[in-house]
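Q: Data: work_38.txt, compact mmCIF, C-alpha atoms.
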# COMPACT_ATOMS: atom_id res chain seq x y z
CA MET A 1 10.50 20.74 -10.37
CA VAL A 2 13.14 18.75 -8.51
CA THR A 3 11.49 16.22 -6.19
CA ALA A 4 13.21 14.35 -3.37
CA ARG A 5 11.84 10.80 -3.33
CA LEU A 6 12.00 8.31 -0.48
CA PHE A 7 11.29 4.58 -0.72
CA ASN A 8 10.14 3.67 2.81
CA PRO A 9 8.03 0.49 2.57
CA GLN A 10 8.36 0.12 6.34
CA ASN A 11 6.09 3.15 6.75
CA ASP A 12 3.06 1.19 7.97
CA LEU A 13 5.17 -0.21 10.79
CA ALA A 14 6.38 3.31 11.56
CA LEU A 15 2.75 4.49 11.67
CA ALA A 16 1.93 1.75 14.17
CA ALA A 17 4.91 2.78 16.31
CA GLY A 18 3.90 6.45 16.10
CA ARG A 19 7.46 7.74 16.57
CA ALA A 20 9.75 9.85 14.41
CA ALA A 21 12.76 7.87 15.67
CA TYR A 22 11.79 4.39 14.52
CA THR A 23 14.05 1.45 13.65
CA PRO A 24 12.28 -1.21 11.55
CA PRO A 25 12.93 -4.93 12.00
CA GLY A 26 15.79 -6.41 10.02
CA ALA A 27 13.80 -7.78 7.08
CA SER A 28 11.92 -4.50 6.57
CA ALA A 29 15.12 -2.47 6.75
CA ALA A 30 16.78 -4.83 4.26
CA PHE A 31 13.87 -4.50 1.83
CA ALA A 32 14.01 -0.70 2.10
CA ARG A 33 17.73 -0.80 1.26
CA ALA A 34 17.20 -3.21 -1.62
CA GLY A 35 14.52 -1.02 -3.17
CA ALA A 36 15.98 2.38 -2.34
CA LEU A 37 16.31 3.30 -6.03
CA LEU A 38 12.96 1.87 -7.14
CA PRO A 39 11.51 5.42 -7.53
CA ALA A 40 13.95 5.96 -10.41
CA TRP A 41 11.49 4.06 -12.62
CA TRP A 42 8.85 6.79 -12.34
CA SER A 43 11.03 9.82 -11.53
CA GLY A 44 12.44 12.59 -13.67
CA GLU A 45 16.20 12.68 -14.27
CA ALA A 46 16.59 15.78 -12.09
CA ASP A 47 14.82 14.19 -9.13
CA ILE A 48 16.86 13.08 -6.12
CA ILE A 49 16.57 9.71 -4.41
CA ALA A 50 16.89 10.14 -0.65
CA GLY A 51 19.30 7.81 1.11
CA ARG A 52 22.99 7.34 1.75
CA GLY A 53 25.58 5.25 -0.03
CA LEU A 54 23.49 4.91 -3.20
CA GLU A 55 26.09 6.03 -5.73
CA GLU A 56 27.15 2.51 -6.73
CA ASP A 57 23.55 1.40 -7.18
CA ALA A 58 22.78 4.53 -9.21
CA ALA A 59 25.69 3.65 -11.50
CA TRP A 60 24.24 0.13 -11.86
CA LEU A 61 20.90 1.63 -12.92
CA ARG A 62 22.59 3.77 -15.57
CA ARG A 63 24.70 0.88 -16.82
CA THR A 64 21.96 -1.77 -16.80
CA HIS A 65 18.83 0.18 -17.72
CA GLY A 66 19.99 3.57 -18.95
CA LEU A 67 18.19 5.30 -16.07
CA THR A 68 19.81 8.46 -14.75
CA ILE A 69 18.92 9.59 -11.26
CA ALA A 70 20.54 11.92 -8.75
CA THR A 71 21.54 10.73 -5.29
CA GLY A 72 23.13 12.44 -2.32
CA SER A 73 21.99 15.62 -0.61
CA CYS A 74 18.35 16.60 -1.11
CA ALA A 75 18.98 20.20 -0.06
CA GLY A 76 18.16 21.47 -3.56
CA ALA A 77 14.79 19.76 -3.77
CA GLU A 78 11.69 21.84 -4.52
CA ALA A 79 9.20 19.14 -3.46
CA ALA A 80 9.25 15.90 -1.45
CA GLU A 81 7.48 12.59 -1.92
CA ALA A 82 7.65 9.58 0.37
CA TRP A 83 6.29 6.12 -0.40
CA GLY A 84 4.14 6.75 2.66
CA TRP A 85 3.99 9.64 5.11
CA SER A 86 4.63 9.40 8.83
CA ALA A 87 6.65 11.26 11.41
CA ASN A 88 9.45 8.81 10.64
CA ALA A 89 9.29 9.52 6.87
CA ALA A 90 9.48 13.27 7.48
CA SER A 91 12.43 12.74 9.83
CA LEU A 92 14.30 10.64 7.25
CA LEU A 93 13.81 13.25 4.53
CA ALA A 94 14.83 16.09 6.84
CA ARG A 95 18.01 14.17 7.66
CA GLU A 96 18.81 14.10 3.94
CA GLY A 97 18.50 17.89 3.67
CA VAL A 98 14.88 18.41 2.61
CA ALA A 99 13.67 21.81 3.80
CA SER A 100 11.08 21.68 6.57
CA ASP A 101 8.55 23.74 4.60
CA LEU A 102 8.42 20.96 1.98
CA LEU A 103 7.39 18.36 4.56
CA PRO A 104 3.97 17.79 6.13
CA CYS A 105 3.59 19.58 9.46
CA PRO A 106 3.17 17.53 12.66
CA ALA A 107 -0.61 18.11 12.73
CA THR A 108 -0.94 16.80 9.15
CA LEU A 109 1.22 13.79 9.98
CA ASP A 110 -1.02 13.01 12.97
CA THR A 111 -4.08 13.22 10.70
CA LEU A 112 -2.52 10.93 8.11
CA ARG A 113 -1.64 8.41 10.82
CA ARG A 114 -5.25 8.44 12.02
CA LEU A 115 -6.62 8.03 8.49
CA SER A 116 -4.18 5.20 7.74
CA HIS A 117 -5.78 3.17 10.55
CA ARG A 118 -7.89 0.31 9.23
CA ARG A 119 -11.00 1.77 10.86
CA THR A 120 -11.06 4.12 7.86
CA ALA A 121 -11.95 1.08 5.73
CA ILE A 122 -14.97 0.54 7.98
CA THR A 123 -16.04 4.13 7.29
CA ILE A 124 -15.68 3.56 3.55
CA ARG A 125 -17.56 0.25 3.58
CA ARG A 126 -20.37 1.85 5.58
CA ALA A 127 -20.65 4.64 3.00
CA LEU A 128 -20.76 2.02 0.22
CA GLY A 129 -23.42 -0.03 1.99
CA ALA A 130 -21.07 -3.01 2.26
CA ASP A 131 -20.49 -5.31 5.23
CA GLU A 132 -18.59 -3.14 7.70
CA GLY A 133 -16.72 -5.65 9.82
CA LEU A 134 -15.79 -4.70 13.39
CA GLU A 135 -13.12 -2.91 15.37
CA ALA A 136 -12.88 -4.86 18.63
CA MET A 137 -11.34 -3.30 21.72
CA THR A 138 -11.25 -6.56 23.69
CA ALA A 139 -10.49 -10.17 22.87
CA GLU A 140 -13.95 -11.13 24.19
CA ALA A 141 -15.67 -8.81 21.70
CA ALA A 142 -13.50 -10.19 18.89
CA LEU A 143 -14.24 -13.80 19.80
CA GLU A 144 -17.98 -13.09 19.95
CA TYR A 145 -17.87 -11.63 16.42
CA ILE A 146 -15.93 -14.68 15.22
CA ARG A 147 -18.50 -17.01 16.78
CA GLN A 148 -21.28 -15.13 14.97
CA THR A 149 -19.53 -15.34 11.57
CA PRO A 150 -19.69 -18.94 10.33
CA GLU A 151 -17.73 -18.25 7.13
CA GLY A 152 -14.76 -17.10 9.22
CA VAL A 153 -12.99 -13.76 9.47
CA PHE A 154 -9.66 -12.09 8.92
CA ALA A 155 -8.25 -10.63 12.13
CA LYS A 156 -5.96 -7.71 11.36
CA SER A 157 -3.76 -5.24 13.14
CA PRO A 158 -5.03 -1.65 12.84
CA TRP A 159 -2.15 -0.50 10.67
CA SER A 160 -1.45 -2.47 7.52
CA CYS A 161 1.89 -3.87 6.46
CA SER A 162 1.76 -6.25 3.49
CA GLY A 163 0.05 -9.07 5.34
CA ARG A 164 1.89 -8.82 8.66
CA GLY A 165 -0.53 -8.95 11.54
CA VAL A 166 -3.22 -10.68 9.48
CA MET A 167 -4.67 -14.06 10.46
CA PRO A 168 -7.60 -16.01 9.00
CA VAL A 169 -9.75 -17.29 11.88
CA SER A 170 -12.70 -19.67 11.99
CA ASN A 171 -15.00 -20.80 14.80
CA ALA A 172 -13.00 -24.01 15.11
CA ASP A 173 -9.75 -22.26 16.03
CA ALA A 174 -11.14 -19.10 17.64
CA ALA A 175 -10.09 -19.96 21.19
CA ALA A 176 -6.52 -20.71 20.12
CA THR A 177 -6.41 -17.27 18.49
CA ARG A 178 -6.90 -15.39 21.77
CA PRO A 179 -3.15 -14.73 22.37
CA PHE A 180 -2.83 -13.31 18.82
CA LEU A 181 -5.86 -11.04 19.36
CA GLU A 182 -4.70 -9.92 22.78
CA GLY A 183 -1.23 -9.16 21.43
CA ILE A 184 -2.57 -6.87 18.69
CA ILE A 185 -4.89 -5.10 21.15
CA ARG A 186 -2.06 -4.63 23.63
CA ARG A 187 0.28 -3.16 21.00
CA GLN A 188 -2.14 -1.12 18.86
CA GLY A 189 -5.27 -0.60 20.96
CA SER A 190 -7.76 -2.73 19.01
CA VAL A 191 -8.08 -5.52 16.47
CA MET A 192 -9.89 -5.25 13.14
CA LEU A 193 -12.22 -8.06 12.05
CA GLU A 194 -13.43 -8.52 8.49
CA ARG A 195 -15.75 -11.20 7.15
CA ASN A 196 -13.85 -13.75 5.01
CA SER A 197 -15.14 -13.32 1.45
CA GLY A 198 -13.35 -16.45 0.25
CA THR A 199 -10.90 -16.79 -2.60
CA GLY A 200 -11.04 -14.84 -5.83
CA LEU A 201 -9.27 -12.14 -7.83
CA ASP A 202 -7.34 -9.62 -5.74
CA PHE A 203 -7.28 -6.20 -7.33
CA ALA A 204 -7.32 -2.53 -6.43
CA ALA A 205 -8.71 0.72 -7.70
CA LEU A 206 -5.95 3.34 -7.79
CA PHE A 207 -6.64 7.02 -7.15
CA GLU A 208 -4.75 10.31 -7.05
CA ARG A 209 -5.65 13.19 -4.76
CA SER A 210 -4.59 16.59 -6.06
CA ALA A 211 -3.24 19.43 -3.94
CA GLN A 212 -6.65 21.08 -4.45
CA GLY A 213 -8.37 18.06 -2.84
CA ARG A 214 -9.89 16.39 -5.91
CA VAL A 215 -9.80 12.56 -5.89
CA GLU A 216 -9.73 10.92 -9.32
CA PHE A 217 -9.50 7.32 -10.49
CA ALA A 218 -5.97 6.56 -11.76
CA GLY A 219 -6.13 2.94 -12.93
CA TRP A 220 -6.32 -0.71 -11.90
CA SER A 221 -3.95 -2.99 -10.04
CA VAL A 222 -4.20 -6.78 -10.17
CA PHE A 223 -2.10 -8.59 -7.59
CA ALA A 224 -1.63 -11.91 -5.83
CA SER A 225 -1.65 -12.55 -2.11
CA SER A 226 -1.13 -15.52 0.17
CA ALA A 227 -3.91 -17.26 2.11
CA ALA A 228 -2.97 -15.05 5.07
CA GLY A 229 -3.18 -11.86 3.00
CA ALA A 230 0.54 -11.24 2.42
CA TYR A 231 1.46 -9.48 -0.82
CA ALA A 232 2.90 -11.84 -3.45
CA GLY A 233 3.28 -9.78 -6.62
CA ASN A 234 1.57 -7.53 -9.18
CA LEU A 235 0.64 -8.08 -12.80
CA VAL A 236 2.44 -5.61 -15.08
CA ALA A 237 0.23 -5.17 -18.15
CA PRO A 238 -1.70 -2.51 -20.10
CA GLN A 239 -4.66 -1.10 -18.25
CA GLN A 240 -7.15 -2.42 -20.80
CA GLU A 241 -5.92 -5.97 -20.18
CA LEU A 242 -6.26 -5.57 -16.42
CA GLU A 243 -9.78 -4.19 -16.82
CA ALA A 244 -10.76 -7.09 -19.08
CA MET A 245 -9.42 -9.56 -16.51
CA ILE A 246 -11.39 -7.87 -13.73
CA GLY A 247 -14.48 -7.78 -15.96
CA GLU A 248 -14.37 -11.56 -16.29
CA ARG A 249 -14.89 -11.83 -12.52
CA THR A 250 -17.33 -9.02 -11.72
CA GLU A 251 -19.81 -6.74 -13.46
CA LEU A 252 -17.80 -3.80 -14.83
CA ALA A 253 -20.69 -1.34 -14.96
CA GLU A 254 -21.39 -1.93 -11.26
CA LEU A 255 -17.70 -1.73 -10.43
CA LYS A 256 -17.25 1.56 -12.27
CA SER A 257 -20.27 2.93 -10.42
CA THR A 258 -18.54 1.91 -7.18
CA VAL A 259 -15.36 3.69 -8.30
CA THR A 260 -17.35 6.87 -8.95
CA LYS A 261 -18.84 6.60 -5.46
CA LEU A 262 -15.35 6.06 -4.04
CA GLU A 263 -14.09 9.26 -5.65
CA ARG A 264 -16.75 11.15 -3.71
CA ILE A 265 -16.36 9.15 -0.46
CA LEU A 266 -12.57 9.43 -0.47
CA GLY A 267 -12.87 13.14 -1.15
CA GLU A 268 -15.02 13.47 1.96
CA VAL A 269 -12.84 11.19 4.11
CA LEU A 270 -9.66 13.05 3.12
CA ALA A 271 -11.12 16.55 3.28
CA GLU A 272 -8.83 18.82 5.32
CA SER A 273 -6.30 15.97 5.57
CA GLY A 274 -3.50 17.82 3.80
CA TYR A 275 -2.75 14.71 1.75
CA ALA A 276 -1.91 14.93 -1.94
CA GLY A 277 -0.66 11.95 -3.91
CA PRO A 278 -1.46 8.32 -4.71
CA LEU A 279 -3.76 6.00 -2.78
CA GLY A 280 -5.40 2.66 -3.44
CA VAL A 281 -8.48 0.73 -2.35
CA ASP A 282 -7.95 -3.04 -2.28
CA MET A 283 -10.91 -5.12 -3.51
CA LEU A 284 -11.82 -8.77 -4.08
CA ALA A 285 -13.94 -10.32 -6.82
CA ALA A 286 -14.83 -13.51 -4.95
CA ASP A 287 -15.32 -16.87 -6.64
CA SER A 288 -18.85 -16.78 -5.23
CA GLY A 289 -19.61 -13.82 -7.49
CA LEU A 290 -19.65 -11.27 -4.67
CA LEU A 291 -17.56 -8.10 -4.78
CA ASN A 292 -15.81 -6.84 -1.66
CA PRO A 293 -15.43 -3.16 -2.63
CA CYS A 294 -13.05 -2.13 0.14
CA ILE A 295 -10.78 -4.58 1.89
CA GLU A 296 -8.57 -1.71 2.95
CA LEU A 297 -7.40 1.78 2.09
CA ASN A 298 -3.70 2.28 1.38
CA LEU A 299 -3.06 5.98 1.90
CA ARG A 300 0.30 5.88 0.12
CA ARG A 301 1.95 4.70 -3.07
CA THR A 302 1.56 0.96 -3.64
CA MET A 303 3.13 -1.71 -5.79
CA GLY A 304 0.03 -1.34 -7.95
CA PHE A 305 1.23 2.13 -8.91
CA VAL A 306 4.70 0.74 -9.56
CA ALA A 307 3.24 -1.93 -11.89
CA ARG A 308 1.10 0.67 -13.66
CA ASP A 309 4.05 2.99 -14.23
CA LEU A 310 6.39 0.19 -15.32
CA ASN A 311 3.96 -0.54 -18.15
CA ARG A 312 2.82 3.01 -18.88
CA LEU A 313 6.23 4.68 -18.75
CA ARG A 314 8.62 1.83 -19.60
CA GLY A 315 6.55 -0.61 -21.66
CA LEU A 316 7.30 -3.57 -19.39
CA GLU A 317 4.99 -6.59 -19.01
CA GLY A 318 5.11 -9.59 -16.70
CA LYS A 319 4.88 -10.12 -12.94
CA LEU A 320 6.36 -7.68 -10.46
CA THR A 321 7.87 -9.68 -7.62
CA MET A 322 10.13 -9.13 -4.64
CA ASN A 323 12.14 -12.35 -4.95
CA GLY A 324 12.29 -13.17 -8.65
CA PRO A 325 14.69 -15.74 -10.14
CA ALA A 326 18.13 -14.78 -11.38
CA ASP A 327 16.95 -14.52 -15.00
CA ALA A 328 14.17 -12.02 -14.16
CA LEU A 329 14.57 -8.36 -15.11
CA SER A 330 15.98 -6.83 -11.93
CA LEU A 331 14.73 -3.27 -11.34
CA THR A 332 17.28 -2.57 -8.62
CA PRO A 333 20.52 -4.38 -7.75
CA PRO A 334 19.62 -7.70 -6.04
CA ARG A 335 20.28 -7.48 -2.31
CA GLY A 336 20.23 -10.58 -0.12
CA PRO A 337 16.85 -12.33 -0.41
CA PHE A 338 15.35 -9.43 -2.37
CA ASN A 339 15.36 -9.25 -6.15
CA ILE A 340 12.77 -6.61 -7.05
CA SER A 341 12.13 -7.61 -10.61
CA VAL A 342 9.72 -8.31 -13.43
CA MET A 343 9.34 -11.92 -14.54
CA ARG A 344 8.53 -11.92 -18.26
Please, can you express the file's structure as structure tokens?
A:
Amino acid sequence: MVTARLFNPQNDLALAAGRAAYTPPGASAAFARAGALLPAWWSGEADIIAGRGLEEDAAWLRRTHGLTIATGSCAGAEAAEAWGWSANAASLLAREGVASDLLPCPATLDTLRRLSHRRTAITIRRALGADEGLEAMTAEAALEYIRQTPEGVFAKSPWSCSGRGVMPVSNADAAATRPFLEGIIRRQGSVMLERNSGTGLDFAALFERSAQGRVEFAGWSVFASSAAGAYAGNLVAPQQELEAMIGERTELAELKSTVTKLERILGEVLAESGYAGPLGVDMLAADSGLLNPCIELNLRRTMGFVARDLNRLRGLEGKLTMNGPADALSLTPPRGPFNISVMR
């Protein structure tokens, strides 16, 4: 089956905007251009990468890595896969010739936008019996929650985007945070507040949802993030090594029980959603010994899936990074500040 594939890492921003005609900020657009051919690493040779002016980069992939991928019109595609789905993603694929019956309908896209909201993580945490956090509709409600949480919180915009719109807040600086909170509420309708679990090992449980609606565990992702929650790179390694690393920080039997529960919970949350494809649940094994079983749900492909497939399909090991040094293994032609690569 010929699949048209779109790398649109700006999708969370497009979800927040809620428009089919969306222009991302410069840095996001530049990253999307730099990584346009990243799907070649997990695609079949007959698949088509959506986008324009990619012929030179496709030749670089063939010359440098021996990867063959089609570019150009997607009119012959039999299926379509975006990094993440939104009205904007569907519009971009339609512009490249993907037939409308291969794209999610507007009602499905509206549902996926709703489920991509961070309040879905509250639903999941509630089902797991974990600390839920709060969705605050006013700055006053947010500040009251912060005052009642001595360990501090993360204040987040409702739609995720690799750390953008995330701020750690404590009682000491709560008042100074008001403009940030009010700005998020004004733009996106609410602000999400999550108890700060402290430092620890950032990782994710990866899942796949089939077209028939079955959600199944698909592997582990171990990644790094900044103090503010921004993505900083993934470990590319065999799954057994990642599991052993996670097992050093939390009880594996308990974690696997949580994963089994998540298969059921995610199946219920996504019932009738129309979504089929990859998704991930970010977690934290805190230095205190506590496990945060759901920091957020990523209802899309993630860099964790990229890292998994780079090892599983290509045998690579190292650290997947967006701005690796010149001697790193570049996965796509370096573009401006972006060198999507594996440091070995």
Q: Rank nothing, just name the residue among A:Glu140, A:Leu331, A:Phe154, A:Arg147 nearest to Arg178 in chain A, using all atoms listed in the file.
A: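 Looking at the shortest contact to Arg178 in chain A, the residue is A:Glu140.
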Q: Show me a table, sorted first by chain and then by increasing residue number, of the residues of range 65-152 of chain A having an atom at most 8 Å from range 299-320 of chain A, each with its shortest atom pair and the distance in Å to one decimal, counting only C-alpha atoms and written as a tab-separated table.
A:
residue	atom	partner	partner_atom	distance
A:Trp83	CA	A:Arg301	CA	5.3
A:Gly84	CA	A:Arg300	CA	4.7
A:Trp85	CA	A:Arg300	CA	7.3
A:Leu112	CA	A:Leu299	CA	8.0
A:Leu115	CA	A:Leu299	CA	7.8
A:Ser116	CA	A:Leu299	CA	6.0
Q: Quick one: residues within 9 Å of Glu243 in chain A, only C-alpha atoms, excluding same-chain residues fewer than 5 positions away - as a count of residues only?
A: 5
Q: Using all atoms listed in the file, determine which residues lie at most 6 Å from range 50-58 of chain A, disregarding the query and same-chain residues fewer than 3 positions distant; provide the list as a PDB file with C-alpha atoms, keeping the file's coordinate frame.
A:
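Writing the result to part38.pdb gives the following:
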ATOM      1  CA  ARG A   5      11.840  10.800  -3.330  1.00  0.00           C
ATOM      2  CA  LEU A   6      12.000   8.310  -0.480  1.00  0.00           C
ATOM      3  CA  LEU A  61      20.900   1.630 -12.920  1.00  0.00           C
TER       4      LEU A  61
END
Q: Any idea what's packed within 10 Å of Thr68 in chain A, counting only C-alpha atoms, ignoring anything in its chain fewer than 2 positions away? Could you give it as JSON, numbers by chain?
A: {"A": [40, 41, 43, 44, 45, 46, 47, 58, 59, 60, 61, 62, 63, 65, 66, 70, 71]}
Q: Per residue of range 191-213 of chain A within 12 Å of range 123-130 of chain A, record the nearest atom pair and its distance in Å to one decimal, counting all atoms listed in the file, with rows in chain order and ascending residue number, as a Markdown table.
A:
| residue | atom | partner | partner_atom | distance |
| --- | --- | --- | --- | --- |
| A:Glu194 | CA | A:Arg125 | CA | 10.9 |
| A:Arg195 | CA | A:Ala130 | CA | 10.9 |
| A:Ser197 | CA | A:Ala130 | CA | 11.9 |
Q: Can you measure CA of Ala87 in chain A to CA of Pro39 in chain A for me? One decimal in Å is fine.
A: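 Value for the CA of Ala87 in chain A-CA of Pro39 in chain A distance: 20.4 Å.
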Q: Take CA of Glu132 in chain A and CA of Gly233 in chain A and report the distance between them in Å, one decimal.
A: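 Straight-line distance from CA of Glu132 in chain A to CA of Gly233 in chain A works out to 27.0 Å.
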Q: Please determine, counting all atoms listed in the file, which residue among A:Asn8, A:Thr3, A:Gln188, A:Ser288 has the shortest atom-to-atom distance to Gly200 in chain A.
A: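 Using all atoms listed in the file, the shortest distance to Gly200 in chain A belongs to A:Ser288.
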Q: Range 85-170 of chain A near range 21-38 of chain A within 10 Å: what's each residue's closest atom pair and its distance in Å to one decimal, counting all atoms listed in the file, ordered by chain then ascending residue number, as a tab-separated table?
A:
residue	atom	partner	partner_atom	distance
A:Ala87	CA	A:Ala21	CA	8.2
A:Asn88	CA	A:Ala21	CA	6.1
A:Ala89	CA	A:Tyr22	CA	9.5
A:Ser91	CA	A:Ala21	CA	7.6
A:Leu92	CA	A:Ala21	CA	9.0
Q: Export, as a PDB file, in the frame of the given file, the selected residues with C-alpha atoms.
A:
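The resulting part.pdb:
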ATOM      1  CA  ALA A  87       6.650  11.260  11.410  1.00  0.00           C
ATOM      2  CA  ASN A  88       9.450   8.810  10.640  1.00  0.00           C
ATOM      3  CA  ALA A  89       9.290   9.520   6.870  1.00  0.00           C
ATOM      4  CA  SER A  91      12.430  12.740   9.830  1.00  0.00           C
ATOM      5  CA  LEU A  92      14.300  10.640   7.250  1.00  0.00           C
TER       6      LEU A  92
END
Q: Identify, on the basis of all atoms listed in the file, every residue whose closest approach to range 96-103 of chain A does not exceed 6 Å; exclude the query and any residue fewer than 6 positions from it along the same chain; express the result as a VMD selection string.
A: chain A and resid 73 to 75 79
Q: Could you state the separation of CA of Ser170 in chain A and CA of Leu290 in chain A in Å, given to one decimal place?
A: 19.9 Å
Q: Please provide as a ChimeraX atom specification all residues within 9 Å of Ser330 in chain A, with the sequence filter that same-chain residues fewer than 2 positions apart are discarded (counting all atoms listed in the file).
A: /A:324,326-328,332-334,339-343
Q: Between A:Trp159, A:Tyr145, A:Phe217, A:Phe207, single out the one closest to Arg118 in chain A, counting all atoms listed in the file.
A: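 Of the candidates, the smallest distance to Arg118 in chain A is held by A:Trp159.
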Q: Please define a box with edges along x, y and z of the file around all atoms of range 231-234 of chain A given in the file, extend it by 6 Å on each side, and return its centre and edge lengths in Å to one decimal, as lines of an AutoDock Vina configuration file.
A:
center_x = 2.4
center_y = -9.7
center_z = -5.0
size_x = 13.8
size_y = 16.3
size_z = 20.4
Q: Could you tell me which of A:Lys256, A:Arg249, A:Lys261, A:Arg209 comes closest to Ala285 in chain A if we count only C-alpha atoms?
A: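 Between A:Lys256, A:Arg249, A:Lys261, A:Arg209, the residue approaching Ala285 in chain A most closely is A:Arg249.
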